[in-house]
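The structure file entry_17.cif is reproduced below (mmCIF, C-alpha atoms and all ligand atoms).
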data_data
#
loop_
_atom_site.label_atom_id
_atom_site.label_comp_id
_atom_site.auth_asym_id
_atom_site.auth_seq_id
_atom_site.Cartn_x
_atom_site.Cartn_y
_atom_site.Cartn_z
CA MET A 1 17.38 10.75 29.23
CA ALA A 2 18.51 11.12 25.59
CA SER A 3 16.58 8.76 23.39
CA SER A 4 19.67 6.75 22.38
CA ASP A 5 20.52 6.06 26.06
CA GLU A 6 16.92 5.21 26.80
CA PHE A 7 16.86 2.95 23.76
CA GLN A 8 19.91 1.00 25.02
CA THR A 9 18.30 0.63 28.45
CA ARG A 10 15.08 -0.72 26.96
CA LEU A 11 16.96 -3.05 24.64
CA GLU A 12 18.61 -4.72 27.62
CA LYS A 13 15.19 -5.56 29.07
CA LEU A 14 13.91 -7.32 25.93
CA ASP A 15 14.12 -11.05 25.34
CA SER A 16 17.42 -11.72 23.65
CA GLU A 17 16.04 -13.03 20.35
CA PHE A 18 13.83 -9.98 19.79
CA ALA A 19 16.61 -7.61 20.94
CA GLU A 20 18.84 -9.18 18.29
CA ILE A 21 16.25 -8.45 15.58
CA ILE A 22 15.97 -4.85 16.73
CA ARG A 23 19.76 -4.47 16.73
CA ARG A 24 19.95 -5.60 13.10
CA ILE A 25 17.86 -2.65 11.93
CA PRO A 26 20.03 0.41 11.27
CA LYS A 27 19.24 3.84 12.72
CA ARG A 28 16.70 5.78 10.67
CA GLY A 29 18.29 9.22 11.01
CA SER A 30 21.17 10.94 12.68
CA GLN A 31 19.67 13.57 14.94
CA GLU A 32 18.20 13.17 18.42
CA PRO A 33 15.49 12.18 19.11
CA ALA A 34 14.89 10.62 15.73
CA PRO A 35 17.46 7.84 15.09
CA PHE A 36 15.73 5.13 17.08
CA TRP A 37 12.09 6.06 16.50
CA LEU A 38 11.40 2.92 14.48
CA HIS A 39 13.02 0.70 17.09
CA PHE A 40 11.02 2.32 19.90
CA GLU A 41 7.85 1.75 17.90
CA MET A 42 8.71 -1.93 17.38
CA ILE A 43 9.30 -2.32 21.11
CA GLU A 44 5.86 -0.80 21.71
CA ARG A 45 4.26 -3.25 19.21
CA TYR A 46 6.04 -6.11 20.97
CA LYS A 47 4.58 -5.04 24.30
CA VAL A 48 1.09 -4.72 22.83
CA LEU A 49 1.26 -8.02 20.92
CA ARG A 50 2.13 -9.96 24.07
CA GLU A 51 -1.61 -9.70 24.75
CA ALA A 52 -2.46 -11.44 21.46
CA ASN A 53 -1.43 -14.95 22.58
CA ILE A 54 0.47 -15.60 19.39
CA GLU A 55 2.11 -19.01 19.15
CA ALA A 56 4.87 -20.29 16.92
CA GLY A 57 3.55 -21.74 13.68
CA MET A 58 0.43 -19.55 13.45
CA ASN A 59 -0.87 -18.05 10.22
CA ILE A 60 -1.69 -14.42 10.80
CA LEU A 61 -3.49 -11.83 8.72
CA GLU A 62 -2.33 -8.28 9.35
CA ILE A 63 -4.25 -5.30 7.99
CA GLY A 64 -2.35 -2.06 7.34
CA CYS A 65 1.35 -2.81 7.63
CA GLY A 66 2.22 0.80 6.79
CA ALA A 67 5.41 1.92 5.09
CA HIS A 68 7.74 0.59 7.82
CA ALA A 69 6.39 -2.90 8.63
CA ILE A 70 6.54 -2.10 12.34
CA THR A 71 3.93 -4.54 13.59
CA THR A 72 4.72 -6.93 10.71
CA THR A 73 8.31 -7.40 11.90
CA VAL A 74 7.16 -8.25 15.42
CA LEU A 75 4.45 -10.62 14.15
CA ALA A 76 6.98 -12.40 11.94
CA HIS A 77 9.26 -12.87 14.94
CA LEU A 78 6.41 -14.25 17.08
CA VAL A 79 5.15 -16.82 14.54
CA GLY A 80 8.65 -18.24 14.09
CA ASP A 81 10.06 -20.16 11.15
CA GLN A 82 7.02 -22.34 10.65
CA GLY A 83 4.48 -19.51 10.80
CA ARG A 84 3.35 -16.98 8.20
CA VAL A 85 2.12 -13.39 8.20
CA VAL A 86 0.03 -12.20 5.28
CA THR A 87 0.17 -8.45 5.48
CA VAL A 88 -2.27 -6.28 3.56
CA ASP A 89 -1.94 -2.62 2.73
CA ILE A 90 -3.78 -0.47 0.24
CA GLY A 91 -0.66 1.40 -0.80
CA ARG A 92 2.10 2.24 1.68
CA TRP A 93 4.92 -0.19 0.96
CA ARG A 94 7.93 2.08 0.68
CA PHE A 95 10.33 0.56 3.26
CA VAL A 96 8.56 -2.74 3.97
CA GLU A 97 10.84 -5.07 2.03
CA GLU A 98 14.01 -3.24 3.11
CA ILE A 99 13.12 -3.41 6.81
CA LEU A 100 11.98 -7.03 6.69
CA ILE A 101 15.28 -7.97 5.03
CA GLN A 102 17.27 -6.04 7.64
CA ALA A 103 15.32 -7.76 10.43
CA GLY A 104 15.82 -11.18 8.79
CA MET A 105 12.03 -11.67 8.65
CA LYS A 106 11.28 -11.44 4.92
CA GLN A 107 10.71 -15.16 4.35
CA ARG A 108 7.91 -15.25 6.91
CA VAL A 109 5.85 -12.46 5.34
CA ILE A 110 3.57 -12.50 2.31
CA PRO A 111 2.72 -8.96 1.17
CA LEU A 112 -0.70 -8.33 -0.36
CA SER A 113 -1.37 -4.96 -1.92
CA HIS A 114 -5.14 -4.61 -1.72
CA ASP A 115 -8.07 -2.75 -0.25
CA ALA A 116 -8.89 -4.63 2.96
CA THR A 117 -12.61 -3.88 2.70
CA LYS A 118 -12.75 -6.77 0.20
CA LEU A 119 -9.93 -9.27 0.16
CA PRO A 120 -9.30 -11.79 -2.63
CA LEU A 121 -9.34 -14.81 -0.31
CA GLN A 122 -12.16 -17.31 -0.41
CA TYR A 123 -12.51 -18.71 3.10
CA GLU A 124 -11.10 -18.80 6.62
CA CYS A 125 -7.36 -19.40 6.35
CA PHE A 126 -5.83 -17.69 9.38
CA ASN A 127 -5.58 -18.39 13.11
CA LEU A 128 -5.71 -14.70 13.94
CA ALA A 129 -6.29 -11.36 12.18
CA VAL A 130 -4.73 -8.22 13.65
CA VAL A 131 -4.75 -4.51 13.16
CA VAL A 132 -2.37 -2.52 15.33
CA HIS A 133 -2.35 1.27 15.12
CA GLY A 134 -4.21 1.05 11.84
CA ILE A 135 -7.87 1.79 12.64
CA ARG A 136 -7.05 5.53 12.59
CA SER A 137 -6.15 5.26 8.91
CA PHE A 138 -9.37 3.58 7.79
CA ARG A 139 -10.96 7.04 7.50
CA ASN A 140 -14.55 6.44 8.63
CA GLU A 141 -16.73 4.07 10.64
CA SER A 142 -18.23 2.35 7.65
CA THR A 143 -14.79 1.40 6.24
CA ILE A 144 -13.60 0.33 9.69
CA THR A 145 -16.64 -1.94 10.08
CA GLN A 146 -16.21 -3.42 6.62
CA ILE A 147 -12.54 -4.21 7.28
CA LEU A 148 -13.38 -5.78 10.64
CA LYS A 149 -16.01 -7.93 8.87
CA GLU A 150 -13.38 -9.12 6.41
CA MET A 151 -11.02 -9.95 9.27
CA LEU A 152 -13.78 -11.97 10.98
CA ARG A 153 -14.65 -13.74 7.72
CA LEU A 154 -11.06 -14.91 7.26
CA SER A 155 -10.14 -15.64 10.86
CA PRO A 156 -12.11 -16.91 13.87
CA ARG A 157 -10.26 -14.50 16.18
CA ILE A 158 -9.27 -10.87 15.82
CA PHE A 159 -7.00 -8.57 17.79
CA ILE A 160 -7.17 -4.79 17.62
CA ALA A 161 -4.87 -2.27 19.25
CA GLU A 162 -5.09 1.48 18.84
CA SER A 163 -4.00 4.58 20.74
CA LEU A 164 -6.74 6.05 22.89
CA PRO A 165 -7.63 9.74 23.24
CA ILE A 166 -6.44 9.73 26.84
CA ALA A 167 -3.72 12.15 27.91
CA LYS A 168 -2.61 12.41 31.52
CA THR A 169 0.93 13.78 31.34
CA LYS A 170 1.98 17.03 29.66
CA ALA A 171 3.89 15.05 27.02
CA GLN A 172 0.78 12.99 26.25
CA LYS A 173 -1.31 16.17 26.03
CA ALA A 174 1.24 17.65 23.60
CA HIS A 175 1.08 14.45 21.50
CA LEU A 176 -2.71 14.51 21.40
CA GLU A 177 -2.96 18.22 20.60
CA MET A 178 -0.58 17.85 17.64
CA TYR A 179 -2.07 14.53 16.45
CA ASN A 180 -5.59 15.97 16.48
CA LEU A 181 -4.61 18.48 13.79
CA ARG A 182 -3.94 15.69 11.29
CA GLU A 183 -7.56 14.95 10.38
CA GLU A 184 -8.18 18.62 9.47
CA ILE A 185 -4.82 19.03 7.75
CA PHE A 186 -5.43 16.00 5.49
CA GLN A 187 -8.97 17.10 4.77
CA ALA A 188 -7.82 20.59 3.81
CA ARG A 189 -5.02 19.21 1.62
CA THR A 190 -6.81 16.34 -0.12
CA GLY A 191 -10.53 16.76 0.56
CA GLU A 192 -10.48 13.46 2.48
CA LYS A 193 -9.99 12.69 6.15
CA ASP A 194 -7.02 10.54 7.10
CA ASP A 195 -5.53 9.76 10.49
CA ILE A 196 -8.91 10.38 12.08
CA HIS A 197 -9.04 11.20 15.79
CA TYR A 198 -8.21 8.25 18.05
CA LEU A 199 -11.43 6.48 19.05
CA PRO A 200 -12.39 5.74 22.67
CA LEU A 201 -12.23 2.10 23.75
CA GLU A 202 -16.04 1.86 24.00
CA LYS A 203 -16.30 2.95 20.37
CA LEU A 204 -13.73 0.36 19.28
CA THR A 205 -15.64 -2.43 21.01
CA LYS A 206 -18.95 -1.24 19.50
CA LEU A 207 -17.43 -1.27 16.02
CA VAL A 208 -16.14 -4.82 16.56
CA GLU A 209 -19.62 -5.90 17.71
CA SER A 210 -21.35 -4.26 14.78
CA ALA A 211 -18.97 -6.13 12.46
CA GLY A 212 -20.17 -9.45 13.92
CA GLY A 213 -17.55 -9.97 16.62
CA GLU A 214 -18.10 -11.12 20.18
CA VAL A 215 -15.69 -9.21 22.38
CA THR A 216 -13.84 -11.65 24.63
CA ASP A 217 -11.59 -9.11 26.31
CA SER A 218 -10.82 -5.41 26.23
CA MET A 219 -8.27 -3.41 28.15
CA ILE A 220 -6.24 -0.24 28.39
CA MET A 221 -2.47 -0.67 28.32
CA GLU A 222 -0.10 2.03 29.58
CA ILE A 223 2.86 2.27 27.25
CA ASP A 224 5.39 4.41 29.14
CA GLN A 225 7.52 5.25 26.13
CA PRO A 226 8.48 8.28 24.10
CA HIS A 227 6.65 8.79 20.80
CA PHE A 228 7.89 10.65 17.73
CA LEU A 229 5.18 10.55 15.10
CA ALA A 230 2.40 13.00 15.97
CA CYS A 231 3.83 15.91 14.02
CA VAL A 232 2.89 16.63 10.41
CA PRO A 233 5.73 18.70 8.92
CA ARG A 234 4.84 22.42 9.01
CA VAL A 235 5.68 22.76 5.33
CA ILE A 236 2.70 20.51 4.51
CA VAL A 237 0.36 22.75 6.50
CA GLY A 238 1.85 25.73 4.64
CA LYS A 239 0.70 24.23 1.34
CA ILE A 240 -3.02 24.33 2.21
CA GLU A 241 -4.61 26.50 -0.48
CA ASP A 242 -7.49 28.03 1.49
CA GLU A 243 -5.86 30.97 3.26
CA LYS A 244 -8.23 31.13 6.22
CA ILE A 245 -7.95 27.42 6.97
CA ARG A 246 -4.16 27.51 6.42
CA GLU A 247 -3.59 30.42 8.82
CA ASN A 248 -5.82 28.89 11.46
CA LEU A 249 -4.06 25.51 11.24
CA LEU A 250 -0.59 27.09 11.18
CA GLN A 251 -1.39 28.96 14.39
CA ARG A 252 -2.63 25.83 16.10
CA TRP A 253 0.34 23.85 14.74
CA ASN A 254 2.75 26.45 16.22
CA ALA A 255 1.04 26.24 19.61
CA ALA A 256 1.10 22.43 19.60
CA TYR A 257 4.73 22.35 18.43
CA GLU A 258 5.80 24.63 21.25
CA LYS A 259 4.29 22.20 23.75
CA LEU A 260 6.03 19.26 22.08
CA GLN A 261 9.34 21.14 22.37
CA GLN A 262 8.65 21.96 26.00
CA HIS A 263 7.34 18.64 27.26
CA GLY A 264 8.42 16.03 24.70
CA GLU A 265 6.03 13.54 23.16
CA GLU A 266 4.81 10.44 24.90
CA HIS A 267 2.85 7.41 23.75
CA LEU A 268 -0.80 7.48 24.73
CA PRO A 269 -2.38 4.50 26.45
CA VAL A 270 -3.40 1.83 23.97
CA GLY A 271 -6.83 0.22 23.78
CA ILE A 272 -6.86 -3.49 23.07
CA VAL A 273 -9.92 -5.41 21.89
CA LYS A 274 -9.93 -9.18 21.41
CA ALA A 275 -12.91 -10.80 19.76
CA ARG A 276 -14.13 -13.97 18.12
CA ARG A 277 -16.61 -14.51 15.34
CA LYS A 278 -20.19 -14.72 16.70
C1 LIG A 301 -1.03 3.98 10.51
S1 LIG A 301 -0.66 2.85 9.25
C2 LIG A 301 -0.36 1.34 10.04
C3 LIG A 301 0.75 1.27 10.93
C4 LIG A 301 1.25 -0.11 11.29
N1 LIG A 301 0.25 -1.11 11.51
C5 LIG A 301 2.14 0.02 12.51
O1 LIG A 301 2.12 -0.83 13.38
O2 LIG A 301 2.87 1.03 12.55
C6 LIG A 301 -2.21 2.40 8.56
C7 LIG A 301 -2.12 1.73 7.23
O3 LIG A 301 -3.42 1.32 6.83
C8 LIG A 301 -3.47 1.36 5.43
N2 LIG A 301 -4.85 1.38 4.97
C9 LIG A 301 -5.75 2.39 5.06
N3 LIG A 301 -6.92 2.02 4.51
C10 LIG A 301 -6.76 0.75 4.06
C11 LIG A 301 -7.61 -0.17 3.37
N4 LIG A 301 -8.86 0.15 3.04
N5 LIG A 301 -7.10 -1.38 3.06
C12 LIG A 301 -5.83 -1.72 3.38
N6 LIG A 301 -4.99 -0.87 4.03
C13 LIG A 301 -5.44 0.33 4.35
C14 LIG A 301 -2.71 2.64 5.08
O4 LIG A 301 -2.23 2.61 3.76
C15 LIG A 301 -1.60 2.64 6.12
O5 LIG A 301 -0.41 2.13 5.61
#

Encoded form using structure tokens:
Amino acid sequence: MASSDEFQTRLEKLDSEFAEIIRRIPKRGSQEPAPFWLHFEMIERYKVLREANIEAGMNILEIGCGAHAITTTVLAHLVGDQGRVVTVDIGRWRFVEEILIQAGMKQRVIPLSHDATKLPLQYECFNLAVVVHGIRSFRNESTITQILKEMLRLSPRIFIAESLPIAKTKAQKAHLEMYNLREEIFQARTGEKDDIHYLPLEKLTKLVESAGGEVTDSMIMEIDQPHFLACVPRVIVGKIEDEKIRENLLQRWNAAYEKLQQHGEEHLPVGIVKARRK
């Protein structure tokens, strides 16, 4: 099914208030399968966040809103008019304000541009701290642990969701093969890892425990949705200076891209970890 038809079908299944928010956000491009990628991602966040037991009026800390406020928009909807979302990001803010305005959610969100390993807040002031599809961007285990510690310092409960390195269908395998090039591509381009490989659920729970959390629940959620974000543009790979690394990555990129073209790209199952402060 073309993504725009599939999008309409999924929209009809959402609760009407959230569907209305999604409808307010304009398409993000004109060519299939891209125009509704942001909307699909928000629908995925909505599905995942149903597990977070968010109630109207809550104060929520979000780490890593990313440039498109995908989780932020859903959180703002869930906390309602009386709730607040403080969203922290170290630097990617490009479309956040624009999208929150389009969604009608701007008044519920307080943006904080900061490194989440040390936040400028004195004491517990949230009902819940969340990071959804953000762990992969925290670069290494020591930063992940430090950020989880901060979340547990500022909130008695935390909620983590992240894609898992589990691929059953061909479209999931294509997603994973392409995504797994990112860590090496970023390292070759900048000298630093980013978008590290997705961590297994056991690793996520261990990291939460080592940050001082007591895991109260963990699960694997099947997403059953298309995905559009695994691919780093080839032109970026082409800019890697080291010739040997560049040629090797270009070859692997071509192979992964062919599989994406053949099979499409599908969301991987998501690992969810809920924890409270010990
Ligand atoms: C993959 S994006 C998050 C996506 C978003 N949560 C969503 O639902 O699509 C991860 C974000 O984490 C941010 N980030 C990475 N390290 C950080 C740190 N130390 N402190 C705060 N934000 C950080 C990045 O700038 C990036 O915007």

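Of the residues under consideration (A:Lys168, A:His39, A:Arg108, A:Arg24), A:Arg108 shows the shortest atom-to-atom contact distance to Gly57 of chain A when counting all atoms listed in the file.
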
- Item | Surrounding residues as number ranges by chain, ligand LIG 301 (chain A), max 8 Å, all atoms listed in the file | A: 41-42, 45, 62-72, 88-93, 113-117, 131-139, 143, 147, 195

- Item | Close residues, Arg246 of chain A itself excluded, 12 Å, only C-alpha atoms, min 2 positions apart in chain, as a PyMOL selection string | chain A and resi 181+184-189+234-244+248-253

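Pairwise distance (atom CA of Thr87 of chain A, atom CA of Gln122 of chain A) equals 16.3 Å.
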
- Note on the structure: Atom pair atom CA of Met58 of chain A + atom CA of Gly83 of chain A, distance 4.8 Å

Around (18.6, -7.1, 21.1), as given in the file, which residues come within 12 Å? Count all atoms listed in the file and list them as a CSV table (one decimal) with C-alpha atoms, keeping the file's coordinate frame.
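The new file out_11.csv reads:
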chain,number,residue,atom,x,y,z
A,7,PHE,CA,16.9,3.0,23.8
A,8,GLN,CA,19.9,1.0,25.0
A,9,THR,CA,18.3,0.6,28.4
A,10,ARG,CA,15.1,-0.7,27.0
A,11,LEU,CA,17.0,-3.0,24.6
A,12,GLU,CA,18.6,-4.7,27.6
A,13,LYS,CA,15.2,-5.6,29.1
A,14,LEU,CA,13.9,-7.3,25.9
A,15,ASP,CA,14.1,-11.0,25.3
A,16,SER,CA,17.4,-11.7,23.6
A,17,GLU,CA,16.0,-13.0,20.4
A,18,PHE,CA,13.8,-10.0,19.8
A,19,ALA,CA,16.6,-7.6,20.9
A,20,GLU,CA,18.8,-9.2,18.3
A,21,ILE,CA,16.2,-8.4,15.6
A,22,ILE,CA,16.0,-4.8,16.7
A,23,ARG,CA,19.8,-4.5,16.7
A,24,ARG,CA,20.0,-5.6,13.1
A,25,ILE,CA,17.9,-2.6,11.9
A,39,HIS,CA,13.0,0.7,17.1
A,42,MET,CA,8.7,-1.9,17.4
A,43,ILE,CA,9.3,-2.3,21.1
A,103,ALA,CA,15.3,-7.8,10.4

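Among the candidates A:Arg157, A:Arg182, A:His267, A:Arg84, the residue lying nearest to Asn53 of chain A is A:Arg157 (atoms considered: only C-alpha atoms).
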
- Task: Do a neighbour search on Thr205 of chain A at 10 Å with all atoms listed in the file, toss out local chain neighbours closer than 2 positions, and write the hits as an MDAnalysis selection string.
- Result: chainID A and resid 160 200:203 207:211 213:215 217:218 271:275

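Distances to Pro156 of chain A were evaluated for A:Val96, A:Val85, A:Leu112, A:Ile60 using only C-alpha atoms, and the minimum falls at A:Ile60.
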